[in-house]
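Pasting protein18.tsv here (TSV, C-alpha atoms):
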```
chain	number	residue	atom	x	y	z
A	1	MET	CA	-18.58	22.63	7.90
A	2	VAL	CA	-15.73	21.09	5.96
A	3	SER	CA	-16.68	18.53	3.40
A	4	SER	CA	-16.00	15.30	5.19
A	5	ARG	CA	-14.41	13.67	2.19
A	6	ASN	CA	-11.89	16.46	1.83
A	7	ALA	CA	-11.04	16.24	5.50
A	8	VAL	CA	-10.07	12.59	5.28
A	9	GLU	CA	-8.27	13.11	2.00
A	10	ALA	CA	-6.26	15.93	3.51
A	11	LEU	CA	-5.43	13.82	6.52
A	12	ARG	CA	-4.40	10.96	4.34
A	13	SER	CA	-2.02	13.06	2.31
A	14	ASP	CA	-0.59	14.70	5.45
A	15	GLY	CA	2.10	12.19	6.17
A	16	MET	CA	2.50	10.83	2.68
A	17	LYS	CA	5.93	10.46	1.15
A	18	GLN	CA	6.46	12.43	-2.01
A	19	ASP	CA	9.81	10.98	-2.96
A	20	LEU	CA	8.75	7.42	-3.78
A	21	PRO	CA	9.84	6.28	-7.23
A	22	ASP	CA	7.27	5.16	-9.74
A	23	PHE	CA	7.46	1.39	-9.52
A	24	ARG	CA	5.19	-1.32	-10.78
A	25	ILE	CA	4.31	-4.91	-10.08
A	26	GLY	CA	7.11	-7.20	-11.13
A	27	ASP	CA	9.85	-4.67	-10.49
A	28	THR	CA	12.78	-5.54	-8.32
A	29	VAL	CA	13.20	-3.01	-5.54
A	30	VAL	CA	15.39	-2.42	-2.52
A	31	LEU	CA	13.59	-1.30	0.62
A	32	ASN	CA	15.65	0.30	3.34
A	33	VAL	CA	13.91	-0.42	6.59
A	34	ARG	CA	14.73	1.08	9.97
A	35	ILE	CA	14.86	-1.57	12.63
A	36	GLN	CA	15.29	-1.13	16.32
A	37	GLU	CA	17.79	-3.25	18.20
A	38	GLY	CA	17.78	-2.49	21.88
A	39	ASN	CA	18.04	1.28	21.85
A	40	LYS	CA	19.89	1.56	18.57
A	41	THR	CA	18.27	1.86	15.17
A	42	ARG	CA	19.91	0.73	12.00
A	43	VAL	CA	18.85	0.42	8.39
A	44	GLN	CA	18.40	-2.97	6.82
A	45	ALA	CA	17.94	-3.52	3.11
A	46	PHE	CA	15.38	-5.91	1.73
A	47	GLU	CA	15.66	-6.61	-1.98
A	48	GLY	CA	13.00	-8.50	-3.86
A	49	VAL	CA	10.24	-8.55	-6.42
A	50	VAL	CA	7.09	-6.52	-5.88
A	51	ILE	CA	4.31	-9.07	-6.17
A	52	ALA	CA	1.37	-6.97	-4.97
A	53	ARG	CA	0.31	-3.45	-4.07
A	54	GLN	CA	-2.67	-2.95	-1.81
A	55	GLY	CA	-4.64	0.06	-0.64
A	56	SER	CA	-4.38	3.68	-1.59
A	57	GLY	CA	-3.13	6.91	-0.11
A	58	ILE	CA	-1.33	6.67	3.20
A	59	GLU	CA	-2.67	3.15	3.66
A	60	GLN	CA	-0.90	1.75	0.64
A	61	SER	CA	1.37	-1.24	1.16
A	62	VAL	CA	3.51	-3.50	-1.00
A	63	THR	CA	4.26	-7.19	-0.78
A	64	VAL	CA	7.86	-7.99	-1.67
A	65	ARG	CA	9.15	-11.50	-2.25
A	66	LYS	CA	12.72	-12.71	-2.31
A	67	ILE	CA	14.58	-15.98	-2.08
A	68	SER	CA	16.94	-15.78	0.86
A	69	SER	CA	19.45	-18.65	0.93
A	70	GLY	CA	16.95	-21.04	-0.57
A	71	VAL	CA	14.04	-19.95	1.56
A	72	ALA	CA	11.34	-17.77	0.09
A	73	VAL	CA	10.57	-14.70	2.19
A	74	GLU	CA	7.61	-12.40	1.66
A	75	ARG	CA	7.16	-9.20	3.58
A	76	VAL	CA	4.44	-6.59	3.51
A	77	PHE	CA	5.58	-3.00	3.93
A	78	PRO	CA	3.31	-0.02	4.49
A	79	LEU	CA	4.72	2.40	1.92
A	80	HIS	CA	4.25	5.55	3.95
A	81	SER	CA	5.49	4.21	7.25
A	82	PRO	CA	8.27	6.28	8.78
A	83	SER	CA	10.19	3.07	9.41
A	84	LEU	CA	10.58	2.61	5.66
A	85	GLU	CA	13.47	4.92	4.99
A	86	SER	CA	13.65	4.68	1.23
A	87	LEU	CA	12.68	2.58	-1.74
A	88	VAL	CA	15.06	2.16	-4.65
A	89	LEU	CA	14.07	0.75	-8.02
A	90	ARG	CA	16.55	-1.85	-9.21
A	91	LYS	CA	15.03	-3.49	-12.27
A	92	SER	CA	11.79	-3.14	-14.15
A	93	GLY	CA	10.05	-6.40	-14.90
A	94	ARG	CA	7.63	-7.23	-17.68
A	95	VAL	CA	4.58	-8.94	-16.25
A	96	ARG	CA	1.01	-9.29	-17.40
A	97	ARG	CA	-0.90	-9.32	-14.15
A	98	ALA	CA	-1.41	-7.11	-11.12
A	99	LYS	CA	-0.71	-9.75	-8.48
A	100	LEU	CA	2.15	-12.19	-8.93
A	101	PHE	CA	1.00	-14.81	-6.45
A	102	TYR	CA	1.70	-17.48	-9.06
A	103	LEU	CA	5.39	-17.04	-8.23
A	104	ARG	CA	4.79	-18.81	-4.94
A	105	GLY	CA	4.41	-22.14	-6.65
A	106	LYS	CA	7.30	-21.74	-9.05
A	107	THR	CA	11.03	-22.16	-8.71
A	108	GLY	CA	14.08	-21.61	-10.88
A	109	ARG	CA	13.51	-20.59	-14.48
A	110	GLN	CA	9.74	-20.53	-14.09
A	111	ALA	CA	9.95	-18.00	-11.29
A	112	ARG	CA	11.95	-15.64	-13.45
A	113	ILE	CA	10.51	-12.33	-14.53
A	114	ARG	CA	11.53	-10.95	-17.90
A	115	GLU	CA	13.09	-7.54	-17.78
A	116	LYS	CA	11.30	-4.73	-19.49
A	117	SER	CA	12.94	-3.97	-22.80
A	118	GLY	CA	13.99	-0.41	-23.36
A	119	SER	CA	14.20	0.56	-19.72
B	1	MET	CA	-16.81	21.89	30.18
B	2	LYS	CA	-15.38	19.07	28.17
B	3	GLY	CA	-17.57	17.32	25.66
B	4	LEU	CA	-18.61	17.70	22.08
B	5	ILE	CA	-20.99	16.55	19.41
B	6	GLY	CA	-19.40	15.36	16.20
B	7	LYS	CA	-19.80	13.48	12.99
B	8	LYS	CA	-17.95	10.29	12.15
B	9	ILE	CA	-16.12	10.77	8.91
B	10	GLY	CA	-14.23	7.54	8.39
B	11	MET	CA	-11.14	5.60	9.26
B	12	THR	CA	-7.54	5.77	8.20
B	13	ARG	CA	-4.17	5.15	9.78
B	14	GLN	CA	-1.51	7.21	11.49
B	15	TRP	CA	1.99	6.39	12.66
B	16	ASP	CA	3.16	6.50	16.24
B	17	ASP	CA	6.61	7.58	17.40
B	18	SER	CA	8.12	4.16	16.92
B	19	GLY	CA	6.77	3.92	13.38
B	20	ARG	CA	3.97	1.54	14.19
B	21	SER	CA	0.67	1.92	12.43
B	22	VAL	CA	-2.27	3.11	14.53
B	23	PRO	CA	-5.81	2.65	13.19
B	24	VAL	CA	-7.78	5.82	13.75
B	25	THR	CA	-11.33	7.06	13.35
B	26	VAL	CA	-11.66	10.59	12.08
B	27	ILE	CA	-14.41	12.57	13.76
B	28	GLU	CA	-15.46	16.03	12.72
B	29	ALA	CA	-15.90	17.34	16.24
B	30	GLY	CA	-17.77	20.58	16.58
B	31	PRO	CA	-17.83	23.49	16.44
B	32	CYS	CA	-20.86	23.34	18.70
B	33	VAL	CA	-23.06	26.20	19.80
B	34	VAL	CA	-24.18	26.64	23.38
B	35	THR	CA	-27.95	26.63	23.12
B	36	GLN	CA	-28.81	26.62	26.81
B	37	VAL	CA	-27.01	26.96	30.12
B	38	LYS	CA	-28.55	25.12	33.05
B	39	THR	CA	-27.62	26.04	36.60
B	40	THR	CA	-28.38	24.62	40.01
B	41	ALA	CA	-30.36	27.75	40.79
B	42	SER	CA	-32.71	27.45	37.84
B	43	ASP	CA	-32.72	23.74	36.96
B	44	GLY	CA	-31.37	21.89	39.98
B	45	TYR	CA	-28.16	20.84	38.28
B	46	ASP	CA	-25.33	22.30	36.23
B	47	ALA	CA	-25.17	21.50	32.54
B	48	VAL	CA	-24.62	23.00	29.15
B	49	GLN	CA	-26.73	22.19	26.14
B	50	LEU	CA	-24.78	22.06	22.91
B	51	GLY	CA	-26.07	22.04	19.36
B	52	PHE	CA	-24.33	20.75	16.26
B	53	GLY	CA	-24.90	20.36	12.54
B	54	LYS	CA	-26.89	22.34	10.06
B	55	ALA	CA	-30.56	21.53	9.62
B	56	LYS	CA	-32.99	22.97	7.13
B	57	PRO	CA	-35.39	25.32	8.93
B	58	LYS	CA	-38.33	23.93	6.93
B	59	ASN	CA	-37.63	20.49	8.39
B	60	THR	CA	-37.16	21.71	11.95
B	61	PRO	CA	-40.07	22.09	14.38
B	62	LEU	CA	-40.82	25.71	15.15
B	63	PRO	CA	-40.20	25.39	18.92
B	64	VAL	CA	-36.71	24.03	18.18
B	65	GLN	CA	-36.10	26.82	15.71
B	66	GLY	CA	-37.07	29.35	18.32
B	67	HIS	CA	-34.83	27.69	20.87
B	68	CYS	CA	-31.88	27.78	18.46
B	69	ARG	CA	-32.53	31.37	17.48
B	70	LYS	CA	-31.94	32.42	21.09
B	71	ALA	CA	-28.37	31.23	20.62
B	72	GLY	CA	-28.11	33.16	17.38
B	73	VAL	CA	-28.32	30.25	14.95
B	74	ASP	CA	-31.04	29.15	12.55
B	75	ALA	CA	-31.60	25.47	13.11
B	76	LEU	CA	-29.42	22.67	14.43
B	77	ARG	CA	-29.50	18.96	13.77
B	78	VAL	CA	-28.69	17.72	17.27
B	79	LEU	CA	-29.06	19.20	20.71
B	80	THR	CA	-27.54	17.46	23.74
B	81	GLU	CA	-26.79	18.26	27.30
B	82	PHE	CA	-23.38	17.84	28.84
B	83	PRO	CA	-23.05	17.99	32.62
B	84	THR	CA	-20.63	20.55	34.01
B	85	GLU	CA	-18.99	20.75	37.38
B	86	GLY	CA	-20.17	23.98	38.88
B	87	VAL	CA	-20.53	27.03	36.70
B	88	SER	CA	-18.82	26.52	33.36
B	89	GLY	CA	-18.50	30.17	32.38
B	90	LEU	CA	-20.07	29.44	29.01
B	91	LYS	CA	-22.79	31.76	27.79
B	92	LEU	CA	-25.68	31.29	25.42
B	93	GLY	CA	-24.43	31.44	21.84
B	94	ASP	CA	-20.81	30.62	22.69
B	95	ARG	CA	-18.95	28.32	20.38
B	96	VAL	CA	-17.19	25.24	21.64
B	97	ASP	CA	-14.69	23.56	19.36
B	98	VAL	CA	-12.37	20.61	19.46
B	99	SER	CA	-9.64	22.55	21.27
B	100	CYS	CA	-11.69	22.10	24.47
B	101	LEU	CA	-10.41	18.51	24.46
B	102	GLN	CA	-6.78	19.64	24.44
B	103	GLY	CA	-4.91	17.72	27.08
B	104	VAL	CA	-7.52	14.98	27.31
B	105	GLU	CA	-5.91	11.59	26.87
B	106	MET	CA	-8.90	9.29	26.60
B	107	VAL	CA	-12.47	9.82	25.51
B	108	ASP	CA	-15.73	7.88	25.47
B	109	VAL	CA	-17.57	8.02	22.18
B	110	THR	CA	-21.30	7.37	21.97
B	111	GLY	CA	-23.08	6.67	18.72
B	112	THR	CA	-25.86	4.69	17.12
B	113	THR	CA	-24.60	1.37	15.80
B	114	LYS	CA	-25.26	0.28	12.23
B	115	GLY	CA	-28.68	-1.33	11.91
B	116	ARG	CA	-28.62	-4.94	10.77
B	117	GLY	CA	-32.36	-5.54	10.82
B	118	PHE	CA	-33.62	-8.95	11.88
B	119	ALA	CA	-30.42	-10.95	12.27
B	120	GLY	CA	-29.78	-14.61	12.95
B	121	THR	CA	-27.76	-16.02	15.81
B	122	ILE	CA	-24.52	-16.22	13.84
B	123	LYS	CA	-24.37	-12.51	13.10
B	124	ARG	CA	-26.07	-11.41	16.30
B	125	TRP	CA	-24.42	-13.62	18.90
B	126	ASN	CA	-21.40	-15.07	17.08
B	127	PHE	CA	-22.78	-18.62	17.15
B	128	HIS	CA	-20.97	-21.24	15.11
B	129	ARG	CA	-22.63	-22.58	12.05
B	130	GLY	CA	-23.38	-26.22	11.39
B	131	PRO	CA	-21.78	-28.41	8.73
B	132	ALA	CA	-22.61	-27.40	5.16
B	133	GLY	CA	-22.40	-30.87	3.65
B	134	HIS	CA	-23.14	-34.53	4.35
B	135	GLY	CA	-26.90	-33.97	4.20
B	136	SER	CA	-26.77	-31.39	6.97
B	137	LYS	CA	-29.83	-29.23	7.30
B	138	ASN	CA	-28.75	-26.99	10.19
B	139	ILE	CA	-26.25	-24.69	8.51
B	140	ARG	CA	-27.25	-21.42	10.19
B	141	GLU	CA	-29.77	-22.76	12.69
B	142	PRO	CA	-29.54	-21.78	16.37
B	143	GLY	CA	-29.68	-25.40	17.60
B	144	SER	CA	-31.50	-26.53	20.71
B	145	ILE	CA	-33.02	-23.74	22.76
B	146	GLY	CA	-33.70	-25.67	25.93
B	147	MET	CA	-34.34	-28.92	27.85
B	148	HIS	CA	-37.39	-31.19	28.01
B	149	THR	CA	-40.34	-31.30	30.46
B	150	LYS	CA	-38.13	-29.91	33.15
B	151	PRO	CA	-38.18	-26.89	33.04
B	152	GLY	CA	-40.57	-27.13	30.09
B	153	ARG	CA	-39.86	-23.61	28.85
B	154	THR	CA	-37.06	-21.68	27.26
B	155	VAL	CA	-34.88	-19.87	29.76
B	156	LYS	CA	-35.20	-16.11	29.79
B	157	GLY	CA	-32.43	-14.24	28.07
B	158	LYS	CA	-31.70	-17.12	25.66
B	159	LYS	CA	-29.73	-15.82	22.70
B	160	LEU	CA	-32.02	-16.03	19.70
B	161	PRO	CA	-32.50	-14.28	16.36
B	162	GLY	CA	-33.97	-10.81	16.47
B	163	HIS	CA	-33.36	-7.18	15.79
B	164	TYR	CA	-29.69	-6.25	15.88
B	165	GLY	CA	-27.99	-2.88	15.74
B	166	ALA	CA	-29.35	0.68	15.40
B	167	LYS	CA	-28.83	0.98	19.12
B	168	ARG	CA	-27.07	3.63	21.17
B	169	GLU	CA	-23.71	2.37	22.28
B	170	THR	CA	-20.68	3.86	24.00
B	171	LYS	CA	-17.12	2.89	23.32
B	172	LYS	CA	-15.04	3.72	26.34
B	173	ASN	CA	-11.45	4.78	26.86
B	174	LEU	CA	-10.43	5.53	23.30
B	175	THR	CA	-6.99	7.10	23.08
B	176	VAL	CA	-6.93	10.54	21.51
B	177	VAL	CA	-4.33	10.35	18.76
B	178	ARG	CA	-4.53	13.86	17.40
B	179	ILE	CA	-6.53	17.03	17.71
B	180	ASP	CA	-6.65	19.23	14.63
B	181	ALA	CA	-8.26	22.45	15.81
B	182	GLU	CA	-7.82	24.10	12.44
B	183	ARG	CA	-9.95	21.54	10.60
B	184	ASN	CA	-12.10	20.64	13.64
B	185	LEU	CA	-10.94	17.06	13.52
B	186	LEU	CA	-10.49	14.60	16.32
B	187	LEU	CA	-8.62	11.37	15.73
B	188	VAL	CA	-9.21	8.53	18.15
B	189	LYS	CA	-7.60	5.15	18.15
B	190	GLY	CA	-9.81	2.29	17.03
B	191	SER	CA	-13.35	2.16	15.82
B	192	VAL	CA	-16.41	4.11	16.84
B	193	PRO	CA	-20.08	2.99	16.77
B	194	GLY	CA	-22.14	3.87	13.74
B	195	SER	CA	-21.77	4.49	10.06
B	196	LYS	CA	-20.01	7.32	8.28
B	197	ASN	CA	-21.76	10.67	8.73
B	198	GLY	CA	-23.30	9.30	11.92
B	199	ILE	CA	-23.64	11.64	14.88
B	200	VAL	CA	-21.37	10.84	17.82
B	201	PHE	CA	-21.06	12.31	21.29
B	202	ILE	CA	-17.61	12.72	22.77
B	203	ARG	CA	-16.92	12.93	26.47
B	204	PRO	CA	-13.64	12.65	28.35
B	205	SER	CA	-13.23	9.26	30.03
B	206	ARG	CA	-13.45	9.12	33.75
```

What would you get if you wrote out this structure as structure tokens?
Amino acid sequence: MVSSRNAVEALRSDGMKQDLPDFRIGDTVVLNVRIQEGNKTRVQAFEGVVIARQGSGIEQSVTVRKISSGVAVERVFPLHSPSLESLVLRKSGRVRRAKLFYLRGKTGRQARIREKSGS
Amino acid sequence: MKGLIGKKIGMTRQWDDSGRSVPVTVIEAGPCVVTQVKTTASDGYDAVQLGFGKAKPKNTPLPVQGHCRKAGVDALRVLTEFPTEGVSGLKLGDRVDVSCLQGVEMVDVTGTTKGRGFAGTIKRWNFHRGPAGHGSKNIREPGSIGMHTKPGRTVKGKKLPGHYGAKRETKKNLTVVRIDAERNLLLVKGSVPGSKNGIVFIRPSR
């Protein structure tokens, strides 16, 4: 019998993407998402700040927040979903916590994230 | 013959063709050993008894050990019968693995649900709870359980606290997402009764 833990681990790593960049909370990233319109698919970019990462392995997802024409938009993306074409790191941010939910209540200068020095 | 004994391993997710996430339960299905073949001639009906899982011989009753040895194995944890239509062609000691479910779209999975012990009405029957404040004293109480002098008793079948779980249950019509014959894994959509490492029985849905 296979060790059950290994079996799930192997399954989890089966469809995992290997080409994801090493990004952290507070970084600004661009996510290229495949979206279906009728019977055509096209790629749409979503640029924003990573405010949370949840889960592990193939189940990992990120929450990305951006201000789109004055309206704050947050989207959760499963990282290993085939509909997420690629993830590009734009800027590294210097933050001191793992979840940036405090950004939700802030605007303007207070919602700014300092860029990491030396990167 | 289509049917297997397996072990629930856990849950994860897979992606469908359109990129949508599908929650799946991973079941280590088989390989099972045919421990007995029943026929209409000898037993009045057609069935195959399958065995699954390693058991320590010192913890297995001697009659069971003897029964398993006929199939060429030491001791098995579970033995179950699966009905067959007519003669299945399986012989004593044959191995049945997950590839026997190839082509099956939906399965029924039977398992023993997690035991919750003596549970109240909120957990057991999804009752609402009462207000927590304003001097309330009926936060998790079941409320009234009947009328007055007429009928003067509590109706039978009234939902009340009691033992919950640790009961055999079947989840029907679960979509088969993937069959991994190499690793003996079966992935079905959705959840399956029981805890991890729990024994489950898999049959094709009717």

TODO: For chain A, report every residue with an atom at most 7 Å from chain B (counting only C-alpha atoms), formatted as a list in words.
DONE: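 For chain A, the answer reads Ser4, Glu59, Ser81, Pro82 and Ser83 of chain A.
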
Open item on the list: For range 112-119 of chain B, find every residue with an atom within 7 Å (counting all atoms listed in the file), except residues of its own chain fewer than 2 positions away, and show them as a ChimeraX atom specification.
Closed with: /B:121,123-124,161-169,193-195

Task: Atomic separation - CA of Leu4 in chain B relative to CA of Leu186 in chain B, Å - done: 10.4 Å

Open item on the list: Could you list, as a PyMOL selection string, every residue within 7 Å of Leu87 in chain A, counting only C-alpha atoms and ignoring same-chain residues fewer than 4 positions away?
Closed with: chain A and resi 20+29-32

- [ ] Determine, counting all atoms listed in the file, which protein, DNA and RNA residues have an atom within 12 Å of an atom of Glu47 in chain A; residues of the same chain fewer than 4 positions away are not included. Present the result as a PyMOL selection string.
- [x] chain A and resi 27-33+63-68+73-75+86-91

Task: Between CA of Gln54 in chain A and CA of Arg97 in chain A, distance in Å (one decimal) - done: 14.0 Å

Open item on the list: Between B:Thr80, B:Ser88, B:Ile139, B:Pro151, which residue has the minimum interatomic distance to Gly120 in chain B, considering all atoms listed in the file?
Closed with: B:Ile139

Task: Who sits within 9 Å of Thr35 in chain B, all atoms listed in the file, same chain under 4 positions skipped, as a VMD selection string - done: chain B and resid 48 to 51 67 to 73 79 91 to 94

TODO: For CA of Gly89 in chain B and CA of Gly44 in chain B, determine how far apart the two atoms are, in Å to one decimal place.
DONE: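 We find that CA of Gly89 in chain B and CA of Gly44 in chain B lie 17.1 Å from each other.
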
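Proximity of A:Glu115, A:Tyr102, A:Leu84, A:Arg94 to Ile35 in chain A, computed with all atoms listed in the file, is greatest for A:Leu84.
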
Open item on the list: as a list of chain:residue names, please: the residues near Lys99 in chain A (cut-off 8 Å, only C-alpha atoms, same-chain neighbours under 5 positions excluded).
Closed with: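 Result of the neighbour search: A:Ile25, A:Ile51, A:Ala52, A:Arg53.
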